[in-house]
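Student: If it helps, the file is called data-v3.txt and holds compact mmCIF, C-alpha atoms:
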```
# COMPACT_ATOMS: atom_id res chain seq x y z
CA MET A 524 27.67 3.29 12.08
CA LYS A 525 29.31 -0.02 12.84
CA GLU A 526 32.67 -0.23 11.09
CA LYS A 527 33.68 -3.28 9.08
CA ILE A 528 37.18 -3.96 7.77
CA TYR A 529 36.20 -3.28 4.17
CA THR A 530 34.42 0.00 5.05
CA ILE A 531 37.21 1.57 7.13
CA PRO A 532 39.31 3.04 4.26
CA LEU A 533 36.22 4.70 2.82
CA THR A 534 34.98 6.17 6.09
CA GLU A 535 38.50 7.32 6.99
CA ALA A 536 38.82 9.10 3.64
CA TYR A 537 35.82 11.21 4.58
CA GLU A 538 37.63 12.38 7.71
CA GLU A 539 40.28 14.11 5.58
CA ALA A 540 40.06 17.36 3.65
CA GLY A 541 40.11 17.22 -0.12
CA GLU A 542 37.99 17.42 -3.23
CA CYS A 543 37.49 13.65 -3.57
CA PRO A 544 37.64 10.85 -0.96
CA PHE A 545 38.27 8.27 -3.68
CA CYS A 546 41.43 10.13 -4.70
CA LYS A 547 42.64 9.71 -1.11
CA ILE A 548 41.92 5.98 -1.26
CA GLU A 549 43.58 5.64 -4.66
CA GLN A 550 46.65 7.50 -3.43
CA ARG A 551 47.08 5.07 -0.53
CA LEU A 552 46.39 2.01 -2.67
CA GLU A 553 48.88 3.14 -5.27
CA ALA A 554 51.63 3.74 -2.69
CA GLU A 555 50.99 0.29 -1.19
CA ALA A 556 51.04 -1.36 -4.63
CA VAL A 557 54.35 0.28 -5.57
CA GLU A 558 55.84 -0.80 -2.25
CA TYR A 559 54.55 -4.34 -2.74
CA ALA A 560 55.95 -4.54 -6.27
CA LEU A 561 59.42 -3.76 -4.95
CA GLY A 562 59.14 -5.90 -1.82
CA ALA A 563 56.88 -8.84 -1.01
CA SER A 564 55.94 -9.44 -4.64
CA MET A 565 59.52 -10.34 -5.48
CA MET A 566 59.38 -13.29 -3.09
CA GLU A 567 56.20 -14.74 -4.60
CA PRO A 568 56.71 -16.69 -7.88
CA ASP A 569 53.10 -16.24 -8.98
CA SER A 570 53.29 -12.48 -8.53
CA ARG A 571 56.58 -12.26 -10.37
CA MET A 572 55.12 -14.27 -13.23
CA VAL A 573 52.28 -11.76 -13.58
CA SER A 574 54.55 -8.71 -13.33
CA ASN A 575 56.96 -10.20 -15.86
CA GLU A 576 54.14 -10.67 -18.33
CA LYS A 577 52.10 -7.52 -17.77
CA GLY A 578 54.79 -5.14 -16.58
CA PHE A 579 54.09 -1.59 -15.43
CA CYS A 580 53.16 1.67 -17.10
CA ARG A 581 55.73 4.47 -17.31
CA ARG A 582 54.05 6.36 -14.47
CA HIS A 583 54.38 3.47 -12.05
CA PHE A 584 57.90 2.62 -13.19
CA ALA A 585 58.78 6.25 -12.40
CA GLN A 586 57.28 5.92 -8.92
CA MET A 587 59.22 2.71 -8.34
CA MET A 588 62.40 4.42 -9.47
CA GLY A 589 61.74 7.26 -7.04
CA ARG A 590 61.70 4.96 -4.01
CA GLN A 591 64.85 5.42 -1.98
CA GLY A 592 66.87 2.29 -1.31
CA ASN A 593 65.02 0.13 -3.84
CA ALA A 594 67.38 0.35 -6.82
CA LEU A 595 68.30 -3.36 -6.61
CA SER A 596 64.68 -4.47 -6.36
CA LEU A 597 63.73 -2.39 -9.38
CA ALA A 598 66.69 -3.72 -11.36
CA LEU A 599 65.65 -7.30 -10.58
CA VAL A 600 62.09 -6.57 -11.72
CA LEU A 601 63.42 -5.05 -14.95
CA ASP A 602 65.86 -7.92 -15.52
CA THR A 603 63.21 -10.66 -15.48
CA HIS A 604 60.74 -8.42 -17.36
CA PHE A 605 63.30 -7.98 -20.15
CA HIS A 606 63.86 -11.74 -20.29
CA TYR A 607 60.13 -12.24 -20.82
CA PHE A 608 60.08 -9.71 -23.68
CA ILE A 609 63.12 -11.17 -25.38
CA ASN A 610 61.87 -14.76 -25.11
CA LYS A 611 58.44 -13.81 -26.42
CA MET A 612 59.84 -11.90 -29.39
CA GLU A 613 62.25 -14.71 -30.22
CA GLU A 614 59.35 -17.17 -30.04
CA ILE A 615 57.35 -15.10 -32.55
CA LYS A 616 60.38 -14.63 -34.79
CA GLY A 617 61.13 -18.36 -34.81
CA LYS A 618 57.65 -19.52 -35.75
CA LYS A 619 57.24 -21.23 -39.10
CA ARG A 620 54.33 -19.96 -41.13
CA GLN A 621 52.13 -22.21 -43.23
CA GLY A 622 49.56 -20.90 -45.63
CA GLY A 623 45.95 -22.08 -45.56
CA LEU A 624 43.24 -22.35 -48.20
CA PHE A 625 40.41 -20.77 -46.23
CA LYS A 626 42.10 -18.78 -43.49
CA LYS A 627 44.35 -15.79 -43.95
CA GLU A 628 47.77 -16.33 -42.45
CA THR A 629 48.74 -14.12 -39.53
CA THR A 630 52.16 -12.70 -40.26
CA LYS A 631 54.93 -12.44 -37.70
CA ARG A 632 54.69 -8.66 -37.89
CA GLU A 633 50.96 -8.76 -37.10
CA GLU A 634 51.47 -11.10 -34.15
CA LEU A 635 54.34 -8.99 -32.87
CA SER A 636 52.29 -5.80 -33.19
CA ALA A 637 49.39 -7.39 -31.29
CA PHE A 638 51.78 -8.51 -28.54
CA LEU A 639 53.40 -5.07 -28.25
CA ASP A 640 50.03 -3.28 -28.26
CA ALA A 641 48.75 -5.51 -25.44
CA THR A 642 51.94 -4.96 -23.46
CA GLU A 643 51.77 -1.20 -23.90
CA LYS A 644 48.27 -1.11 -22.43
CA SER A 645 48.95 -3.41 -19.47
CA CYS A 646 50.16 -2.50 -15.99
CA VAL A 647 49.92 -4.67 -12.89
CA ILE A 648 49.38 -1.69 -10.59
CA CYS A 649 46.81 0.04 -12.82
CA GLU A 650 44.76 -3.15 -13.05
CA LYS A 651 44.95 -3.72 -9.31
CA LEU A 652 43.86 -0.14 -8.60
CA GLU A 653 40.95 -0.38 -11.02
CA ASN A 654 39.67 -3.64 -9.51
CA THR A 655 40.00 -2.43 -5.91
CA LEU A 656 38.38 0.94 -6.58
CA GLU A 657 35.42 -0.80 -8.20
CA LYS A 658 34.95 -2.78 -4.99
CA PHE A 659 35.08 0.42 -2.94
CA ALA A 660 32.49 1.95 -5.27
CA CYS A 661 30.18 -0.98 -4.47
CA THR A 662 30.86 -0.50 -0.76
CA PHE A 663 30.05 3.21 -1.12
CA TRP A 664 26.55 2.49 -2.38
CA GLU A 665 25.97 -0.09 0.35
CA LEU A 666 26.82 2.50 2.99
CA TYR A 667 25.04 5.38 1.26
CA GLN A 668 21.86 3.35 1.05
CA LYS A 669 21.87 1.80 4.52
CA GLU A 670 23.89 4.02 6.90
CA LYS A 671 22.32 7.37 7.82
CA ASP A 672 25.52 8.83 9.27
CA PHE A 673 27.50 8.02 6.15
CA HIS A 674 24.67 9.27 3.92
CA GLN A 675 24.68 12.62 5.70
CA LYS A 676 28.47 12.86 5.62
CA VAL A 677 28.48 12.34 1.85
CA ASN A 678 25.77 14.94 1.31
CA GLU A 679 27.76 17.47 3.33
CA SER A 680 31.05 16.64 1.61
CA LYS A 681 32.88 18.30 -1.29
CA GLY A 682 31.74 15.66 -3.76
CA PHE A 683 34.15 13.80 -6.04
CA CYS A 684 36.50 14.28 -8.94
CA LEU A 685 34.72 13.59 -12.21
CA PRO A 686 36.56 10.31 -13.01
CA HIS A 687 35.62 8.82 -9.63
CA PHE A 688 32.10 10.23 -9.87
CA SER A 689 31.81 8.35 -13.17
CA LEU A 690 33.04 5.21 -11.40
CA LEU A 691 30.26 5.58 -8.82
CA MET A 692 27.57 6.11 -11.44
CA LYS A 693 28.60 2.92 -13.23
CA ALA A 694 28.67 0.99 -9.94
CA ALA A 695 25.18 2.24 -9.10
CA ASP A 696 23.73 0.29 -12.03
CA ARG A 697 25.18 -2.89 -10.54
CA GLU A 698 24.46 -2.25 -6.86
CA LEU A 699 21.11 -0.42 -6.77
CA HIS A 700 17.71 -1.33 -8.15
CA GLY A 701 14.30 0.22 -8.69
CA ARG A 702 13.41 3.42 -6.86
CA ALA A 703 16.66 3.41 -4.86
CA LEU A 704 18.68 3.55 -8.07
CA GLU A 705 16.85 6.64 -9.29
CA ASP A 706 16.55 8.47 -5.96
CA LEU A 707 20.08 7.92 -4.66
CA THR A 708 21.84 8.70 -7.93
CA GLU A 709 19.76 11.88 -8.32
CA GLU A 710 20.72 12.89 -4.81
CA LEU A 711 24.41 12.27 -5.47
CA MET A 712 24.18 14.24 -8.71
CA GLU A 713 22.91 17.22 -6.71
CA VAL A 714 25.89 16.93 -4.34
CA GLU A 715 28.32 16.77 -7.27
CA ILE A 716 26.79 19.66 -9.21
CA ALA A 717 26.73 21.87 -6.11
CA ASN A 718 30.41 21.25 -5.52
CA LEU A 719 31.35 21.78 -9.15
CA LYS A 720 29.64 25.16 -8.91
CA ARG A 721 31.54 25.90 -5.68
CA VAL A 722 34.91 25.22 -7.30
CA ASN A 723 33.90 27.10 -10.44
CA GLU A 724 33.01 30.15 -8.35
CA ASP A 725 36.45 29.99 -6.71
CA VAL A 726 38.16 29.79 -10.11
CA ASN A 727 36.09 32.70 -11.37
CA TRP A 728 37.03 34.79 -8.32
CA PHE A 729 40.69 33.82 -8.85
CA THR A 730 40.54 35.34 -12.34
CA LYS A 731 38.90 38.50 -10.99
CA LYS A 732 41.75 39.01 -8.52
CA PHE A 733 44.00 39.81 -11.50
CA ASP A 734 41.70 42.70 -12.41
CA TYR A 735 42.84 45.99 -10.84
CA ARG A 736 39.26 46.65 -9.69
CA TYR A 737 39.47 43.65 -7.32
CA GLN A 738 43.08 44.00 -6.14
CA ASP A 739 42.08 45.05 -2.63
CA ALA A 740 39.24 42.54 -2.31
CA PRO A 741 39.80 39.44 -0.15
CA TRP A 742 40.89 36.22 -1.84
CA LYS A 743 38.14 34.27 -0.08
CA ASP A 744 38.77 30.56 -0.88
CA ALA A 745 40.23 31.22 -4.33
CA LYS A 746 44.01 31.26 -3.76
CA ASP A 747 44.38 27.56 -4.52
CA ALA A 748 41.44 27.37 -6.93
CA PRO A 749 43.34 26.21 -10.06
CA PRO A 750 44.92 23.07 -8.50
CA ARG A 751 41.64 22.23 -6.76
CA ALA A 752 39.77 22.65 -10.03
CA ILE A 753 42.22 20.32 -11.77
CA ALA A 754 41.80 17.80 -8.95
CA LYS A 755 38.05 18.03 -9.50
CA ILE A 756 37.91 17.38 -13.22
CA ALA A 757 41.03 15.37 -14.08
CA LYS A 758 42.17 11.84 -13.40
CA PHE A 759 44.03 11.32 -10.12
CA VAL A 760 47.73 12.11 -10.08
CA SER A 761 50.15 11.72 -7.20
CA GLU A 762 51.36 14.61 -5.06
CA SER A 763 54.72 14.51 -6.82
CA GLU A 764 52.95 15.44 -10.06
CA THR A 765 50.62 18.18 -8.84
CA GLU A 766 50.10 20.35 -5.79
CA LYS A 767 48.67 18.64 -2.75
CA GLU A 768 44.97 19.17 -2.26
CA LYS A 769 44.17 21.75 0.38
```
Kindly return the structure encoded in the file as structure tokens.

Tutor:
Amino acid sequence: MKEKIYTIPLTEAYEEAGECPFCKIEQRLEAEAVEYALGASMMEPDSRMVSNEKGFCRRHFAQMMGRQGNALSLALVLDTHFHYFINKMEEIKGKKRQGGLFKKETTKREELSAFLDATEKSCVICEKLENTLEKFACTFWELYQKEKDFHQKVNESKGFCLPHFSLLMKAADRELHGRALEDLTEELMEVEIANLKRVNEDVNWFTKKFDYRYQDAPWKDAKDAPPRAIAKIAKFVSESETEKEK
């Protein structure tokens, strides 16, 4: 398979162990985005304007706070972000309201609530991750359809976590058509179901090992079954928040 720049992260992810190659990609993208937010982004006015407006979720603020030697950068991000909030709230507070005959007036409280709700749901890093992962999902189907080596590697892999498998199924409707859409998605479903059964068997054996009748039986592949099972069914979390995939 001839590598292209945009295919390298995906093919490299399949060279590593783990329950989901897209989790590996997301982990790298997230680390790069956090680093960028505390570094190069601060020197770009357009980027700072976006981060001031959209901000970051608590998870990504926590990751930024955990970066050694970046306390000043984080404080500067927070300083300008607070200025944006204060100015916006003062703008809403200072607006003069005029009633209308045919249109219900939007109160300051309603406008403020809408602003706060939108802010709560926005995060520069989350949006960037979502957009980039969607592009990788499109690349996945391009490779899976056209590259035999990649196709075989996927079919022999451990499948995906359920959130990223869902991402791929949605991307398939955009990237595949006709018979290819039906055949390739069916094939990938078989890969996913087989691997869900594999992990489930490990979890089941893990529970049996706490039964005195199986105390002397080998652990097989079940010692790390619970964290692998969580990695299989739950949304990606960083290594600082869960055990590293085996």

Student: Per residue of range 602-716 of chain A within 12 Å of range 561-574 of chain A, note the shortest atom pair and the distance in Å to one decimal, counting all atoms listed in the file, and order the rows by chain and increasing residue number, as JSON lines.

Tutor:
```
{"residue": "A:Asp602", "atom": "CA", "partner": "A:Arg571", "partner_atom": "CA", "distance": 11.5}
{"residue": "A:Thr603", "atom": "CA", "partner": "A:Arg571", "partner_atom": "CA", "distance": 8.5}
{"residue": "A:His604", "atom": "CA", "partner": "A:Ser574", "partner_atom": "CA", "distance": 7.4}
{"residue": "A:Phe605", "atom": "CA", "partner": "A:Ser574", "partner_atom": "CA", "distance": 11.1}
{"residue": "A:His606", "atom": "CA", "partner": "A:Met572", "partner_atom": "CA", "distance": 11.5}
{"residue": "A:Tyr607", "atom": "CA", "partner": "A:Met572", "partner_atom": "CA", "distance": 9.3}
{"residue": "A:Phe608", "atom": "CA", "partner": "A:Ser574", "partner_atom": "CA", "distance": 11.8}
{"residue": "A:Thr642", "atom": "CA", "partner": "A:Ser574", "partner_atom": "CA", "distance": 11.1}
{"residue": "A:Ser645", "atom": "CA", "partner": "A:Ser574", "partner_atom": "CA", "distance": 9.9}
{"residue": "A:Cys646", "atom": "CA", "partner": "A:Ser574", "partner_atom": "CA", "distance": 8.1}
{"residue": "A:Val647", "atom": "CA", "partner": "A:Ser574", "partner_atom": "CA", "distance": 6.2}
{"residue": "A:Ile648", "atom": "CA", "partner": "A:Ser574", "partner_atom": "CA", "distance": 9.1}
{"residue": "A:Cys649", "atom": "CA", "partner": "A:Ser574", "partner_atom": "CA", "distance": 11.7}
{"residue": "A:Glu650", "atom": "CA", "partner": "A:Ser574", "partner_atom": "CA", "distance": 11.3}
{"residue": "A:Lys651", "atom": "CA", "partner": "A:Ser574", "partner_atom": "CA", "distance": 11.5}
```

Student: Interatomic distance between CA of Thr708 in chain A and CA of Ala745 in chain A?

Tutor: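 Between CA of Thr708 in chain A and CA of Ala745 in chain A the gap works out to 29.3 Å.
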
Student: Need the shell around range 663-679 of chain A: protein/DNA/RNA residues with any atom at most 12 Å away, counting only C-alpha atoms. Skip same-chain ones fewer than 6 positions apart. Format as number ranges by chain?

Tutor: A: 524-527, 529-539, 542-545, 656-657, 687-688, 690-700, 702-718

Student: Hey, which of A:Asn723, A:Glu653, A:Leu685, A:Ile609 ends up closest to Ala757 in chain A? Count only C-alpha atoms.

Tutor: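 Under the stated criterion, the closest residue is A:Leu685.
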
Student: Take CA of Pro686 in chain A and CA of Lys758 in chain A and report the distance between them in Å, one decimal.

Tutor: 5.8 Å

Student: Using 3 Å of padding on each side, determine the axis-aligned box around all atoms of range 630-633 of chain A present in the file and give its centre and edge lengths in Å to one decimal, as JSON.

Tutor:
```
{"center_x": 52.9, "center_y": -10.7, "center_z": -38.7, "size_x": 10.0, "size_y": 10.0, "size_z": 9.2}
```

Student: Applying 12 Å and only C-alpha atoms, which residues near Glu558 in chain A remain after dropping the ones on its own chain fewer than 4 positions away? List them as a PyMOL selection string.

Tutor: chain A and resi 551-554+562-565+583-584+586-593+596-597+648

Student: Can you work out the spacing between CA of Trp728 in chain A and CA of Lys746 in chain A in Å, to one decimal?

Tutor: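 Going from CA of Trp728 in chain A over to CA of Lys746 in chain A, I get 9.1 Å.
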
Student: Could you list, as a PyMOL selection string, every residue within 12 Å of Phe638 in chain A, counting all atoms listed in the file and ignoring same-chain residues fewer than 2 positions away?

Tutor: chain A and resi 576-577+607-608+611-612+614-615+631-636+640-645
